[in-house]
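Below is one structure, written out as structure tokens, with a few remarks after it.
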Amino acid sequence: MTTSAPVPPAPRRLLTPSLVFVLLVVAGLSAFVLNPRVQRQMGMSMSGVWFVDSYAVLAASDAVQAGLDPFQPNPLDVIQRPHSYSSWWFLLGELGFTRQDNPLVGGLWVGAFLAAGFVLLRPCTYGAALWGALLMLSPPVLLAMLRANNDLVVFVLLAAGVLAARTATPWRLVLFALGLTLATGLKFYPIIAGLALLLVRPPRLMLSAAALTLLAAGGVLFSVRGDLRQAAIPAPDSVHTLGAPVVFHDLGWIPGLTFGAGVLLLIVLALLCWSRGWYLRLDEARGDGRDRLAFACGAALLVGCFLAGISHAYRFVFVLFLAPLLWRAAAGSFRSLPVGLTLAVVWFDGLYCLAANVPLSPAWLSDTLKQLWCWRLASQPLVWVAMASLAATLLEMVRAAWADGRKEFRP
């Protein structure tokens with residue numbers, strides 16, 4: 001009897017896709033940090049000042065310590081912004097953090113966000129590594145890091161919950177609920193990410209997990225309702241924006257009509273996408289449960305923030321929740337459509353700024369506002385298509401949860 005020779009193990013690659021992903025992001029971020037000119041040309045410069053949003057939070061906390069009303073224009077902030085979030089942030093002052101600690105606080109927020117992004121995306125191929133790096137280095141994400149916006153903290157808390165709930169066991173779902181509840185207490189809107197719990201199966205576990213999470217997060221939101229009423233949330237009017245009302249605002253519509261019009265138009269477009277099958281199915285049997293939960297969280301946050309009003313484009317950091325499933329589930333010729341559309345949505349405004357900041361002629365420079373108006377009208381259809389597809393995905397998720405629930409509880 002002859003014995004076959006042992007098969008030697010495949011050589012381990014030194015540059016794995018995950019390592020390439022990290023190296024690309026670190027290199028791109030370093031180039032951005034060290035080149036203020038690029039920051040200005042991409043329309044993000046804050047006059048060379050970093051972490052202005054974490055500074056605003058610390059300034060509000062300092063105002064409380066000084067006996068001032070933080071929900072009024074704050075003389076301690078560099079641009080006198082009133083506090084726009086919950087009073088939970090004032091715990092920073094009670095822990096001894098002040099405006100002088102802003103480089104540390106802002107740096108910790110950015111560092112935690114990068115770590116969460118690296119773990120969450122975990123590319124398995126070099127193509128996925130390049131795709132993930134382009135998302136992590138997209139202008140909205142760079143804007144969030146440059147400003148150290150507290151959406152980074154929301155992302156970290158939700159990412160921790162998603163990573164913990166890689167399987168739908170009760171205790172893991174408790175960890176997800178904890179992350180969502182903390183994020184809701186800090187910034188109000190993350191409660192809508194609880195919609196992702198409709199993915200949980202069996203339906204009995206889905207109902208109990210959703211009910212308990214809603215009870216916890218809703219109780220926290222109720223406890224900070226006074227802060228929500230006082231919060232001044234200004235609507236930006238610049239290139240790097242996100243929101244359904246943007247197109248109606250540019251067309252000169254009355255502000256009171258934009259919300260209803262945005263909701264109605266998105267419903268129509270979502271139903272069209274759903275009827276045509278232009279969405280991702282988040283069935284339990286498809287792919288990694290963590291990827292599906294992350295996608296549902298990201299879709300709910302993006303669609304919710306899109307409908308709520310005009311906000312800064314750093315809300316697009318939640319696109320990173322979509323990336324793992326979007327790359328893995330979209331196969332063959334279909335892959336280029338969602339992947340390309342996502343890149344277009346997050347990169348187009350930054351590329352426009354780069355082009356507009358090249359002084360081609362005096363006529364171009366004197367007509368900046370008109371160019372911006374035309375650009376936004378031309379680029380908004382891409383954003384609407386992307387949001388309609390996400391809304392259709394959520395619609396299918398709700399339909400599937402309803403259908404499975406009826407089967408489970410049918411007498």
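By convention here, the chains of the structure tokens are called A, B, ... in the order presented, each chain's residues are numbered starting at 1, and ligands are numbered starting at 1 in the order presented.
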Please tabulate, as a Markdown table, the residues of range 278-359 of chain A that come within 10 Å of range 33-45 of chain A, each with its closest pair of atoms and the distance in Å to one decimal, counting only C-alpha atoms and ordering rows by chain, then residue number upward.
```
| residue | atom | partner | partner_atom | distance |
| --- | --- | --- | --- | --- |
| A:Asp349 | CA | A:Met42 | CA | 8.3 |
| A:Gly350 | CA | A:Met42 | CA | 5.2 |
| A:Leu351 | CA | A:Met42 | CA | 7.2 |
| A:Tyr352 | CA | A:Met42 | CA | 8.0 |
| A:Cys353 | CA | A:Met42 | CA | 5.0 |
| A:Leu354 | CA | A:Gln41 | CA | 5.2 |
| A:Ala355 | CA | A:Gln41 | CA | 8.4 |
| A:Ala356 | CA | A:Gln41 | CA | 8.2 |
| A:Asn357 | CA | A:Gln41 | CA | 5.7 |
| A:Val358 | CA | A:Gln41 | CA | 8.2 |
```
Among range 21-204 of chain A, which ones does DSSP assign to alpha helix (DSSP H) (computed from the backbone)? Answer as number ranges by chain. A: 21-33, 36-41, 52-65, 91-94, 102-121, 126-136, 139-147, 151-164, 170-187, 203-204
Next, dump the selected residues to file, keeping only C-alpha atoms, as an mmCIF file, in the first residue's frame.
```
data_model
loop_
_atom_site.group_PDB
_atom_site.id
_atom_site.type_symbol
_atom_site.label_atom_id
_atom_site.label_comp_id
_atom_site.auth_asym_id
_atom_site.auth_seq_id
_atom_site.Cartn_x
_atom_site.Cartn_y
_atom_site.Cartn_z
ATOM 1 C CA PHE A 21 -7.007 47.940 4.151
ATOM 2 C CA VAL A 22 -5.486 49.368 7.340
ATOM 3 C CA LEU A 23 -2.356 50.567 5.539
ATOM 4 C CA LEU A 24 -4.378 52.307 2.825
ATOM 5 C CA VAL A 25 -6.550 54.097 5.371
ATOM 6 C CA VAL A 26 -3.596 55.143 7.544
ATOM 7 C CA ALA A 27 -1.651 56.393 4.512
ATOM 8 C CA GLY A 28 -4.616 58.311 3.109
ATOM 9 C CA LEU A 29 -5.529 59.813 6.463
ATOM 10 C CA SER A 30 -1.909 60.842 7.078
ATOM 11 C CA ALA A 31 -1.777 62.599 3.713
ATOM 12 C CA PHE A 32 -5.038 64.407 4.532
ATOM 13 C CA VAL A 33 -3.835 65.476 7.981
ATOM 14 C CA PRO A 36 -4.210 71.564 4.873
ATOM 15 C CA ARG A 37 -4.439 72.686 1.260
ATOM 16 C CA VAL A 38 -6.350 69.519 0.363
ATOM 17 C CA GLN A 39 -8.672 70.128 3.303
ATOM 18 C CA ARG A 40 -9.453 73.597 1.961
ATOM 19 C CA GLN A 41 -9.858 72.419 -1.628
ATOM 20 C CA VAL A 52 -14.245 71.811 16.561
ATOM 21 C CA ASP A 53 -17.278 69.649 17.391
ATOM 22 C CA SER A 54 -15.718 67.873 20.362
ATOM 23 C CA TYR A 55 -14.612 71.350 21.473
ATOM 24 C CA ALA A 56 -18.241 72.517 21.344
ATOM 25 C CA VAL A 57 -19.306 69.623 23.578
ATOM 26 C CA LEU A 58 -16.549 70.388 26.088
ATOM 27 C CA ALA A 59 -17.402 74.105 25.941
ATOM 28 C CA ALA A 60 -21.029 73.287 26.785
ATOM 29 C CA SER A 61 -19.840 71.151 29.690
ATOM 30 C CA ASP A 62 -17.604 74.014 30.854
ATOM 31 C CA ALA A 63 -20.583 76.379 30.609
ATOM 32 C CA VAL A 64 -22.553 74.151 32.983
ATOM 33 C CA GLN A 65 -19.634 74.154 35.428
ATOM 34 C CA LEU A 91 -20.650 64.168 32.491
ATOM 35 C CA LEU A 92 -17.359 65.046 30.780
ATOM 36 C CA GLY A 93 -17.096 68.089 33.033
ATOM 37 C CA GLU A 94 -17.918 66.069 36.115
ATOM 38 C CA ASN A 102 -9.978 68.724 23.479
ATOM 39 C CA PRO A 103 -6.993 67.208 21.596
ATOM 40 C CA LEU A 104 -7.197 64.171 23.873
ATOM 41 C CA VAL A 105 -10.996 63.828 23.735
ATOM 42 C CA GLY A 106 -11.255 64.431 19.997
ATOM 43 C CA GLY A 107 -8.311 62.145 19.332
ATOM 44 C CA LEU A 108 -9.878 59.358 21.400
ATOM 45 C CA TRP A 109 -13.134 59.672 19.481
ATOM 46 C CA VAL A 110 -11.349 59.466 16.127
ATOM 47 C CA GLY A 111 -9.118 56.601 17.276
ATOM 48 C CA ALA A 112 -12.068 54.590 18.588
ATOM 49 C CA PHE A 113 -13.943 55.186 15.348
ATOM 50 C CA LEU A 114 -11.019 53.990 13.234
ATOM 51 C CA ALA A 115 -10.621 50.876 15.376
ATOM 52 C CA ALA A 116 -14.343 50.099 15.098
ATOM 53 C CA GLY A 117 -14.260 50.617 11.335
ATOM 54 C CA PHE A 118 -11.258 48.324 10.906
ATOM 55 C CA VAL A 119 -12.931 45.522 12.876
ATOM 56 C CA LEU A 120 -16.369 45.981 11.319
ATOM 57 C CA LEU A 121 -15.309 45.980 7.653
ATOM 58 C CA TYR A 126 -7.990 43.005 -2.024
ATOM 59 C CA GLY A 127 -10.914 44.452 -3.930
ATOM 60 C CA ALA A 128 -12.922 44.719 -0.718
ATOM 61 C CA ALA A 129 -9.888 46.305 0.978
ATOM 62 C CA LEU A 130 -9.719 49.023 -1.689
ATOM 63 C CA TRP A 131 -13.496 49.524 -1.540
ATOM 64 C CA GLY A 132 -13.416 49.844 2.248
ATOM 65 C CA ALA A 133 -10.499 52.272 2.143
ATOM 66 C CA LEU A 134 -12.311 54.490 -0.368
ATOM 67 C CA LEU A 135 -15.289 54.610 1.990
ATOM 68 C CA MET A 136 -13.183 55.284 5.095
ATOM 69 C CA PRO A 139 -15.024 63.296 2.204
ATOM 70 C CA PRO A 140 -17.960 62.868 4.651
ATOM 71 C CA VAL A 141 -15.967 60.467 6.842
ATOM 72 C CA LEU A 142 -12.885 62.714 6.717
ATOM 73 C CA LEU A 143 -15.133 65.648 7.654
ATOM 74 C CA ALA A 144 -16.424 63.755 10.699
ATOM 75 C CA MET A 145 -12.860 62.985 11.801
ATOM 76 C CA LEU A 146 -11.580 66.497 11.129
ATOM 77 C CA ARG A 147 -14.358 67.942 13.275
ATOM 78 C CA ASP A 151 -21.526 60.895 15.431
ATOM 79 C CA LEU A 152 -18.223 59.025 15.720
ATOM 80 C CA VAL A 153 -19.161 58.084 19.290
ATOM 81 C CA VAL A 154 -22.603 56.956 18.118
ATOM 82 C CA PHE A 155 -20.945 54.833 15.435
ATOM 83 C CA VAL A 156 -18.606 53.207 17.970
ATOM 84 C CA LEU A 157 -21.427 52.351 20.381
ATOM 85 C CA LEU A 158 -23.610 50.855 17.659
ATOM 86 C CA ALA A 159 -20.676 49.041 16.067
ATOM 87 C CA ALA A 160 -19.820 47.506 19.445
ATOM 88 C CA GLY A 161 -23.423 46.321 19.763
ATOM 89 C CA VAL A 162 -23.413 44.884 16.242
ATOM 90 C CA LEU A 163 -20.102 43.099 16.772
ATOM 91 C CA ALA A 164 -21.332 41.660 20.066
ATOM 92 C CA PRO A 170 -30.577 36.757 24.266
ATOM 93 C CA TRP A 171 -27.461 37.992 26.067
ATOM 94 C CA ARG A 172 -25.791 39.156 22.871
ATOM 95 C CA LEU A 173 -28.949 41.048 21.947
ATOM 96 C CA VAL A 174 -28.819 42.696 25.379
ATOM 97 C CA LEU A 175 -25.367 44.052 24.473
ATOM 98 C CA PHE A 176 -26.731 45.422 21.199
ATOM 99 C CA ALA A 177 -29.630 47.025 23.069
ATOM 100 C CA LEU A 178 -27.191 48.555 25.552
ATOM 101 C CA GLY A 179 -25.136 50.172 22.790
ATOM 102 C CA LEU A 180 -28.257 51.490 21.076
ATOM 103 C CA THR A 181 -29.693 52.837 24.337
ATOM 104 C CA LEU A 182 -26.486 54.663 25.235
ATOM 105 C CA ALA A 183 -26.277 56.156 21.750
ATOM 106 C CA THR A 184 -29.917 57.275 21.985
ATOM 107 C CA GLY A 185 -29.274 58.976 25.304
ATOM 108 C CA LEU A 186 -26.365 60.882 23.799
ATOM 109 C CA LYS A 187 -27.851 62.012 20.497
ATOM 110 C CA PRO A 203 -40.214 35.651 15.839
ATOM 111 C CA ARG A 204 -40.793 35.221 19.578
#
```
Write out as a tab-separated table (two decimals) with all heavy atoms, in the first residue's frame which residues come within 9 Å of range 384-401 of chain A when counting only C-alpha atoms, dropping same-chain ones fewer than 3 positions away.
```
chain	number	residue	atom	x	y	z
A	195	LEU	N	-34.83	49.32	14.51
A	195	LEU	CA	-35.57	48.63	13.46
A	195	LEU	C	-34.84	47.38	12.99
A	195	LEU	O	-35.47	46.43	12.52
A	195	LEU	CB	-35.78	49.59	12.28
A	195	LEU	CG	-36.69	49.14	11.14
A	195	LEU	CD1	-38.11	48.94	11.63
A	195	LEU	CD2	-36.65	50.14	9.99
A	196	ALA	N	-33.51	47.37	13.15
A	196	ALA	CA	-32.72	46.22	12.72
A	196	ALA	C	-33.08	44.94	13.47
A	196	ALA	O	-32.81	43.84	12.99
A	196	ALA	CB	-31.23	46.52	12.90
A	198	LEU	N	-35.77	43.58	13.71
A	198	LEU	CA	-36.75	42.79	12.97
A	198	LEU	C	-36.09	41.65	12.21
A	198	LEU	O	-36.78	40.77	11.68
A	198	LEU	CB	-37.52	43.69	11.99
A	198	LEU	CG	-38.44	44.73	12.62
A	198	LEU	CD1	-39.14	45.54	11.53
A	198	LEU	CD2	-39.47	44.08	13.53
A	199	LEU	N	-34.77	41.63	12.17
A	199	LEU	CA	-34.05	40.52	11.55
A	199	LEU	C	-33.95	39.30	12.46
A	199	LEU	O	-33.64	38.20	11.99
A	199	LEU	CB	-32.63	40.96	11.16
A	199	LEU	CG	-32.50	41.96	10.02
A	199	LEU	CD1	-31.04	42.35	9.87
A	199	LEU	CD2	-33.02	41.37	8.72
A	200	VAL	N	-34.16	39.49	13.74
A	200	VAL	CA	-33.96	38.41	14.70
A	200	VAL	C	-35.00	37.32	14.49
A	200	VAL	O	-36.18	37.59	14.26
A	200	VAL	CB	-34.04	38.96	16.15
A	200	VAL	CG1	-33.97	37.82	17.16
A	200	VAL	CG2	-32.91	39.96	16.39
A	201	ARG	N	-34.55	36.09	14.55
A	201	ARG	CA	-35.43	34.94	14.49
A	201	ARG	C	-35.03	33.98	15.59
A	201	ARG	O	-33.87	33.94	15.98
A	201	ARG	CB	-35.33	34.24	13.12
A	201	ARG	CG	-35.79	35.07	11.94
A	201	ARG	CD	-37.30	35.37	11.99
A	201	ARG	NE	-37.73	36.07	10.77
A	201	ARG	CZ	-37.65	37.39	10.59
A	201	ARG	NH1	-37.16	38.14	11.55
A	201	ARG	NH2	-38.07	37.93	9.47
A	203	PRO	N	-39.41	34.45	15.60
A	203	PRO	CA	-40.21	35.65	15.84
A	203	PRO	C	-40.47	35.97	17.31
A	203	PRO	O	-40.57	37.13	17.68
A	203	PRO	CB	-41.52	35.34	15.09
A	203	PRO	CG	-41.09	34.43	13.98
A	203	PRO	CD	-40.02	33.57	14.59
A	206	MET	N	-37.59	37.81	18.42
A	206	MET	CA	-37.62	39.11	17.77
A	206	MET	C	-38.53	40.07	18.53
A	206	MET	O	-38.15	41.22	18.82
A	206	MET	CB	-38.11	38.98	16.33
A	206	MET	CG	-38.31	40.30	15.61
A	206	MET	SD	-39.10	40.10	13.98
A	206	MET	CE	-40.76	39.59	14.45
A	244	ALA	N	-33.41	64.96	2.64
A	244	ALA	CA	-34.43	65.02	1.60
A	244	ALA	C	-34.83	66.46	1.25
A	244	ALA	O	-35.11	66.75	0.10
A	244	ALA	CB	-35.65	64.21	2.03
A	266	LEU	N	-40.09	59.66	-1.19
A	266	LEU	CA	-39.28	58.48	-0.87
A	266	LEU	C	-40.14	57.22	-0.80
A	266	LEU	O	-39.69	56.14	-1.22
A	266	LEU	CB	-38.54	58.69	0.45
A	266	LEU	CG	-37.50	57.60	0.77
A	266	LEU	CD1	-36.38	57.61	-0.27
A	266	LEU	CD2	-36.92	57.78	2.17
A	267	ILE	N	-41.36	57.33	-0.29
A	267	ILE	CA	-42.25	56.17	-0.25
A	267	ILE	C	-42.53	55.68	-1.67
A	267	ILE	O	-42.47	54.47	-1.95
A	267	ILE	CB	-43.57	56.53	0.47
A	267	ILE	CG1	-43.32	56.72	1.97
A	267	ILE	CG2	-44.62	55.46	0.24
A	267	ILE	CD1	-44.53	57.19	2.74
A	268	VAL	N	-42.81	56.61	-2.57
A	268	VAL	CA	-43.10	56.22	-3.96
A	268	VAL	C	-41.89	55.55	-4.59
A	268	VAL	O	-42.00	54.49	-5.23
A	268	VAL	CB	-43.53	57.45	-4.78
A	268	VAL	CG1	-43.62	57.11	-6.26
A	268	VAL	CG2	-44.86	57.99	-4.27
A	269	LEU	N	-40.71	56.14	-4.41
A	269	LEU	CA	-39.50	55.57	-4.99
A	269	LEU	C	-39.14	54.24	-4.35
A	269	LEU	O	-38.68	53.32	-5.03
A	269	LEU	CB	-38.34	56.56	-4.85
A	269	LEU	CG	-38.45	57.86	-5.65
A	269	LEU	CD1	-37.28	58.78	-5.33
A	269	LEU	CD2	-38.52	57.57	-7.15
A	270	ALA	N	-39.36	54.12	-3.04
A	270	ALA	CA	-39.06	52.86	-2.35
A	270	ALA	C	-39.97	51.75	-2.84
A	270	ALA	O	-39.53	50.61	-3.04
A	270	ALA	CB	-39.19	53.04	-0.84
A	271	LEU	N	-41.24	52.05	-3.03
A	271	LEU	CA	-42.18	51.05	-3.54
A	271	LEU	C	-41.80	50.63	-4.96
A	271	LEU	O	-41.93	49.45	-5.33
A	271	LEU	CB	-43.60	51.59	-3.50
A	271	LEU	CG	-44.23	51.72	-2.11
A	271	LEU	CD1	-45.58	52.42	-2.20
A	271	LEU	CD2	-44.38	50.35	-1.46
A	272	LEU	N	-41.32	51.59	-5.74
A	272	LEU	CA	-40.88	51.26	-7.09
A	272	LEU	C	-39.67	50.32	-7.04
A	272	LEU	O	-39.62	49.31	-7.76
A	272	LEU	CB	-40.52	52.54	-7.85
A	272	LEU	CG	-39.91	52.35	-9.25
A	272	LEU	CD1	-40.90	51.64	-10.17
A	272	LEU	CD2	-39.50	53.71	-9.84
A	273	CYS	N	-38.68	50.66	-6.19
A	273	CYS	CA	-37.50	49.79	-6.05
A	273	CYS	C	-37.90	48.41	-5.54
A	273	CYS	O	-37.37	47.39	-6.00
A	273	CYS	CB	-36.50	50.44	-5.10
A	273	CYS	SG	-35.65	51.89	-5.76
A	274	TRP	N	-38.82	48.37	-4.59
A	274	TRP	CA	-39.26	47.10	-4.02
A	274	TRP	C	-39.95	46.23	-5.07
A	274	TRP	O	-39.71	45.03	-5.16
A	274	TRP	CB	-40.18	47.36	-2.83
A	274	TRP	CG	-40.60	46.12	-2.10
A	274	TRP	CD1	-39.87	45.36	-1.25
A	274	TRP	CD2	-41.89	45.50	-2.18
A	274	TRP	NE1	-40.61	44.30	-0.78
A	274	TRP	CE2	-41.86	44.37	-1.33
A	274	TRP	CE3	-43.07	45.81	-2.86
A	274	TRP	CZ2	-42.96	43.54	-1.16
A	274	TRP	CZ3	-44.17	44.98	-2.69
A	274	TRP	CH2	-44.11	43.85	-1.85
A	275	SER	N	-40.80	46.86	-5.88
A	275	SER	CA	-41.51	46.10	-6.90
A	275	SER	C	-40.58	45.59	-7.99
A	275	SER	O	-40.84	44.55	-8.61
A	275	SER	CB	-42.61	46.98	-7.53
A	275	SER	OG	-42.04	48.07	-8.25
A	277	GLY	N	-37.40	44.80	-7.39
A	277	GLY	CA	-36.36	43.97	-6.80
A	277	GLY	C	-35.02	44.66	-6.63
A	277	GLY	O	-33.99	43.99	-6.51
A	278	TRP	N	-35.03	45.99	-6.59
A	278	TRP	CA	-33.77	46.74	-6.46
A	278	TRP	C	-33.46	46.97	-4.99
A	278	TRP	O	-33.49	48.11	-4.49
A	278	TRP	CB	-33.87	48.07	-7.20
A	278	TRP	CG	-34.06	47.90	-8.67
A	278	TRP	CD1	-33.77	46.81	-9.44
A	278	TRP	CD2	-34.64	48.87	-9.57
A	278	TRP	NE1	-34.10	47.02	-10.75
A	278	TRP	CE2	-34.64	48.29	-10.86
A	278	TRP	CE3	-35.15	50.16	-9.42
A	278	TRP	CZ2	-35.12	48.95	-11.99
A	278	TRP	CZ3	-35.62	50.82	-10.54
A	278	TRP	CH2	-35.61	50.22	-11.81
A	279	TYR	N	-33.18	45.92	-4.27
A	279	TYR	CA	-32.86	46.00	-2.85
A	279	TYR	C	-32.11	44.73	-2.47
A	279	TYR	O	-32.01	43.78	-3.25
A	279	TYR	CB	-34.13	46.16	-2.01
A	279	TYR	CG	-35.12	45.03	-2.20
A	279	TYR	CD1	-35.02	43.84	-1.45
A	279	TYR	CD2	-36.15	45.13	-3.13
A	279	TYR	CE1	-35.92	42.81	-1.63
A	279	TYR	CE2	-37.06	44.09	-3.30
A	279	TYR	CZ	-36.93	42.94	-2.55
A	279	TYR	OH	-37.82	41.91	-2.72
A	280	LEU	N	-31.59	44.72	-1.24
A	280	LEU	CA	-30.94	43.52	-0.73
A	280	LEU	C	-31.89	42.81	0.23
A	280	LEU	O	-32.49	43.45	1.11
A	280	LEU	CB	-29.65	43.87	0.00
A	280	LEU	CG	-28.47	44.34	-0.85
A	280	LEU	CD1	-27.27	44.63	0.04
A	280	LEU	CD2	-28.10	43.30	-1.89
A	281	ARG	N	-31.99	41.50	0.10
A	281	ARG	CA	-32.80	40.73	1.04
A	281	ARG	C	-31.93	40.39	2.24
A	281	ARG	O	-30.80	39.93	2.11
A	281	ARG	CB	-33.32	39.46	0.38
A	281	ARG	CG	-34.36	39.73	-0.70
A	281	ARG	CD	-35.04	38.45	-1.11
A	281	ARG	NE	-35.72	37.83	0.03
A	281	ARG	CZ	-36.36	36.66	-0.04
A	281	ARG	NH1	-36.41	36.01	-1.19
A	281	ARG	NH2	-36.94	36.15	1.02
A	282	LEU	N	-32.48	40.63	3.41
A	282	LEU	CA	-31.73	40.39	4.65
A	282	LEU	C	-32.25	39.13	5.35
A	282	LEU	O	-32.35	39.09	6.57
A	282	LEU	CB	-31.86	41.61	5.57
A	282	LEU	CG	-31.37	42.93	4.98
A	282	LEU	CD1	-31.55	44.07	5.97
A	282	LEU	CD2	-29.92	42.85	4.53
A	283	ASP	N	-32.56	38.09	4.57
A	283	ASP	CA	-33.04	36.84	5.16
A	283	ASP	C	-32.00	36.26	6.10
A	283	ASP	O	-30.79	36.42	5.89
A	283	ASP	CB	-33.33	35.82	4.06
A	283	ASP	CG	-34.36	36.34	3.07
A	283	ASP	OD1	-33.93	37.00	2.12
A	283	ASP	OD2	-35.56	36.11	3.27
A	296	ALA	N	-28.78	46.61	8.32
A	296	ALA	CA	-30.09	47.13	8.72
A	296	ALA	C	-29.94	48.37	9.59
A	296	ALA	O	-30.71	49.33	9.45
A	296	ALA	CB	-30.87	46.05	9.46
A	299	ALA	N	-28.86	51.25	7.23
A	299	ALA	CA	-29.97	51.67	6.36
A	299	ALA	C	-31.00	52.47	7.14
A	299	ALA	O	-31.49	53.51	6.67
A	299	ALA	CB	-30.62	50.44	5.73
A	300	ALA	N	-31.35	52.01	8.35
A	300	ALA	CA	-32.34	52.73	9.15
A	300	ALA	C	-31.84	54.12	9.54
A	300	ALA	O	-32.58	55.11	9.47
A	300	ALA	CB	-32.67	51.92	10.41
A	302	LEU	N	-29.49	55.99	8.00
A	302	LEU	CA	-29.35	56.87	6.85
A	302	LEU	C	-30.70	57.35	6.33
A	302	LEU	O	-30.89	58.54	6.06
A	302	LEU	CB	-28.58	56.15	5.74
A	302	LEU	CG	-27.09	55.95	6.00
A	302	LEU	CD1	-26.48	55.00	4.98
A	302	LEU	CD2	-26.34	57.29	5.96
A	303	VAL	N	-31.65	56.43	6.21
A	303	VAL	CA	-32.97	56.81	5.73
A	303	VAL	C	-33.65	57.75	6.73
A	303	VAL	O	-34.27	58.76	6.35
A	303	VAL	CB	-33.83	55.57	5.46
A	303	VAL	CG1	-35.28	55.97	5.16
A	303	VAL	CG2	-33.26	54.78	4.29
A	306	PHE	N	-31.97	61.12	6.62
A	306	PHE	CA	-32.28	61.74	5.33
A	306	PHE	C	-33.65	62.40	5.35
A	306	PHE	O	-33.83	63.53	4.87
A	306	PHE	CB	-32.21	60.67	4.24
A	306	PHE	CG	-32.50	61.15	2.84
A	306	PHE	CD1	-31.60	61.95	2.17
A	306	PHE	CD2	-33.68	60.79	2.21
A	306	PHE	CE1	-31.86	62.39	0.88
A	306	PHE	CE2	-33.95	61.21	0.91
A	306	PHE	CZ	-33.04	62.02	0.25
A	338	PRO	N	-24.51	48.71	-6.99
A	338	PRO	CA	-24.58	49.25	-5.62
A	338	PRO	C	-23.24	49.77	-5.13
A	338	PRO	O	-23.19	50.77	-4.41
A	338	PRO	CB	-25.08	48.07	-4.80
A	338	PRO	CG	-24.71	46.87	-5.57
A	338	PRO	CD	-24.81	47.27	-7.01
A	341	LEU	N	-22.61	53.09	-6.99
A	341	LEU	CA	-23.54	54.12	-6.53
A	341	LEU	C	-23.15	54.63	-5.15
A	341	LEU	O	-23.19	55.84	-4.88
A	341	LEU	CB	-24.97	53.55	-6.50
A	341	LEU	CG	-26.06	54.51	-6.02
A	341	LEU	CD1	-26.16	55.73	-6.91
A	341	LEU	CD2	-27.41	53.78	-5.96
A	342	THR	N	-22.77	53.71	-4.26
A	342	THR	CA	-22.36	54.12	-2.92
A	342	THR	C	-21.13	55.02	-2.96
A	342	THR	O	-21.08	56.07	-2.29
A	342	THR	CB	-22.07	52.89	-2.05
A	342	THR	OG1	-23.22	52.04	-2.03
A	342	THR	CG2	-21.71	53.29	-0.63
A	345	VAL	N	-22.12	58.51	-4.26
A	345	VAL	CA	-22.87	59.32	-3.29
A	345	VAL	C	-21.92	59.97	-2.27
A	345	VAL	O	-22.08	61.14	-1.92
A	345	VAL	CB	-23.94	58.47	-2.60
A	345	VAL	CG1	-24.50	59.18	-1.37
A	345	VAL	CG2	-25.07	58.15	-3.57
A	380	GLN	N	-28.33	65.24	-6.72
A	380	GLN	CA	-29.36	64.76	-5.80
A	380	GLN	C	-30.08	63.50	-6.28
A	380	GLN	O	-30.43	62.64	-5.46
A	380	GLN	CB	-30.38	65.87	-5.51
A	380	GLN	CG	-29.94	66.86	-4.45
A	380	GLN	CD	-29.68	66.19	-3.11
A	380	GLN	OE1	-30.57	65.60	-2.51
A	380	GLN	NE2	-28.45	66.27	-2.63
A	381	PRO	N	-30.34	63.32	-7.58
A	381	PRO	CA	-30.99	62.07	-8.00
A	381	PRO	C	-30.22	60.82	-7.58
A	381	PRO	O	-30.85	59.80	-7.24
A	381	PRO	CB	-31.04	62.21	-9.53
A	381	PRO	CG	-31.13	63.68	-9.76
A	381	PRO	CD	-30.26	64.29	-8.70
A	404	ASP	N	-43.22	36.04	8.77
A	404	ASP	CA	-42.73	35.00	9.68
A	404	ASP	C	-43.47	35.03	11.01
A	404	ASP	O	-43.71	33.99	11.63
A	404	ASP	CB	-41.23	35.17	9.90
A	404	ASP	CG	-40.42	34.83	8.66
A	404	ASP	OD1	-40.99	34.24	7.72
A	404	ASP	OD2	-39.22	35.18	8.61
A	405	GLY	N	-43.81	36.25	11.46
A	405	GLY	CA	-44.54	36.35	12.71
A	405	GLY	C	-45.93	35.75	12.62
A	405	GLY	O	-46.40	35.09	13.55
A	406	ARG	N	-46.58	35.94	11.49
A	406	ARG	CA	-47.91	35.36	11.30
A	406	ARG	C	-47.85	33.84	11.30
A	406	ARG	O	-48.72	33.17	11.86
A	406	ARG	CB	-48.52	35.85	10.00
A	406	ARG	CG	-48.94	37.33	10.00
A	406	ARG	CD	-49.70	37.67	8.76
A	406	ARG	NE	-50.96	36.93	8.69
A	406	ARG	CZ	-51.78	36.95	7.64
A	406	ARG	NH1	-51.45	37.65	6.56
A	406	ARG	NH2	-52.91	36.27	7.65
```
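Here CA of Gly260 in chain A stands at a distance of 9.4 Å from CA of Pro245 in chain A.
Going from CA of Leu325 in chain A over to CA of Leu214 in chain A, you cover 25.3 Å.
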Excluding Ala232 in chain A and any residue of its chain fewer than 6 positions from it, enumerate the residues within 9 Å of it, using only C-alpha atoms, and give them as a VMD selection string. chain A and resid 71 to 72 81 to 85
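Interatomic distance, CA of Ala210 in chain A against CA of Ile191 in chain A: 11.2 Å.
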Set the distance at 7 Å and use only C-alpha atoms: which residues neighbour Leu307 in chain A once local chain neighbours fewer than 5 positions away are removed? I'd like the list as a VMD selection string. chain A and resid 243 to 244 259 262 to 263
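Counting only C-alpha atoms, range 219-229 of chain A has the following residues at most 6 Å away, ignoring those fewer than 2 positions along the same chain: A:Ser86, A:Gly185, A:Leu215, A:Ala216, A:Ala217, A:Ala231.
Residue nearest Leu326 in chain A, chosen from A:Gln230, A:Gly340, A:Ala66, A:Tyr314 and counting only C-alpha atoms: A:Gly340.
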